[in-house]
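Visitor: Take this structure, written in structure tokens, and hold onto it; I'll ask about it next.
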Amino acid sequence: ANRKIQYMQFKIHHSLYLDAAPGKGKGVFTREALPPMKIIEMSSVLVMDDTARKLLDQTALHDYIFEWGSESQQCCVAWGYISMYNHSYEANCEYFMDFDEAIITIKTMRKILPGTELTINYNGDWNQKNPVWFDTK
């Protein structure tokens with residue numbers, strides 16, 4: 001019962017906004033130029049066990065959750081825009097998971113110009129080329 005208390009943490013860079021992303025629904029964009037290696041969003045996550053994961057996988061929420069932990073079937077949902085970043089094999093951002101603090105952080109990987117869609121690679125590493133689930137169907 002020595003459980004660490006998790007406090008909600010939530011930050012979104014002021015230039016980010018949601019807009020239509022052609023062929024992808026909505027996506028995250030920036031109103032201003034962003035430098036490389038800039039943290040643009042950070043959010044606490046709600047971690048759910050394998051039972052919740054099995055239920056979520058049967059719903060539309062499957063496309064908005066993240067696998068959580070290295071060896072478990074846990075998943076998590078993040079707040080803010082984090083679940084709205086679209087996938088790209090040439091992503092301009094990367095996400096980082098802090099399992100101890102239950103936080104996901106989004107960081108730019110290169111300079112990004114105003115009006116550009118911000119993308120992450122759903123494989124985890126920004127330049128990972130393995131097919132993701134919707135490319136293998």
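So you can find residues: chains in the structure tokens are A, B, ... in the order shown, residues in each start at 1, and ligands are numbered from 1 in order.
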Write out as a list in words the set of residues from segment 54-136 of chain A that DSSP, computed on the backbone, places in strand (DSSP E).
Guide: Phe66, Glu67, Cys75, Cys76, Val77, Ala78, Asn86, His87, Cys93, Glu94, Tyr95, Phe96, Met97, Asp98, Ile103, Ile104, Thr105, Ile106, Lys107, Thr108, Glu117, Leu118, Thr119 and Ile120 of chain A
Visitor: Could you list, as a ChimeraX atom specification, every residue within 6 Å of segment 38-52 of chain A, counting only C-alpha atoms and ignoring same-chain residues fewer than 5 positions away?
Guide: /A:8-13,73-79,102-108
Visitor: Excluding segment 15-18 of chain A and residues on its chain fewer than 2 positions from it, collect all residues at most 7 Å away from it, counting only C-alpha atoms, and give them as a count of residues only.
Guide: 8
Visitor: Select, from A:Asn86, A:Arg110, A:Ala91, A:Asp98, the residue with the minimum atom-to-atom distance to Pro22 of chain A, counting only C-alpha atoms.
Guide: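 Under the stated criterion, the closest residue is A:Asn86.
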Visitor: Quick one: distance from atom CA of Leu118 of chain A to atom CA of Ser88 of chain A in Å, one decimal?
Guide: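 Answer for the atom CA of Leu118 of chain A to atom CA of Ser88 of chain A separation: 9.3 Å.
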Visitor: Where does DSSP see helix (DSSP H, G or I) in chain A, if you list the residues as a PyMOL selection string?
Guide: chain A and resi 50-56+60-64+82-84+133-135
Visitor: State, in Å with one decimal place, the distance from atom CA of Pro35 of chain A to atom CA of Tyr95 of chain A.
Guide: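 A separation of 15.9 Å between them.
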Visitor: Calculate how many Å separate atom CA of Tyr81 of chain A from atom CA of Asp19 of chain A, rounding to one decimal.
Guide: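 Separation between atom CA of Tyr81 of chain A and atom CA of Asp19 of chain A: 11.3 Å.
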Visitor: A:Arg53, A:Gly69, A:Met37, A:Gln58: which is nearest Asn92 of chain A, counting only C-alpha atoms?
Guide: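 Among the listed residues, the smallest separation from Asn92 of chain A belongs to A:Met37.
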Visitor: Taking only C-alpha atoms into account, which of A:Asp100, A:His87, A:Leu34, A:His62 comes nearest Ile112 of chain A?
Guide: A:Leu34
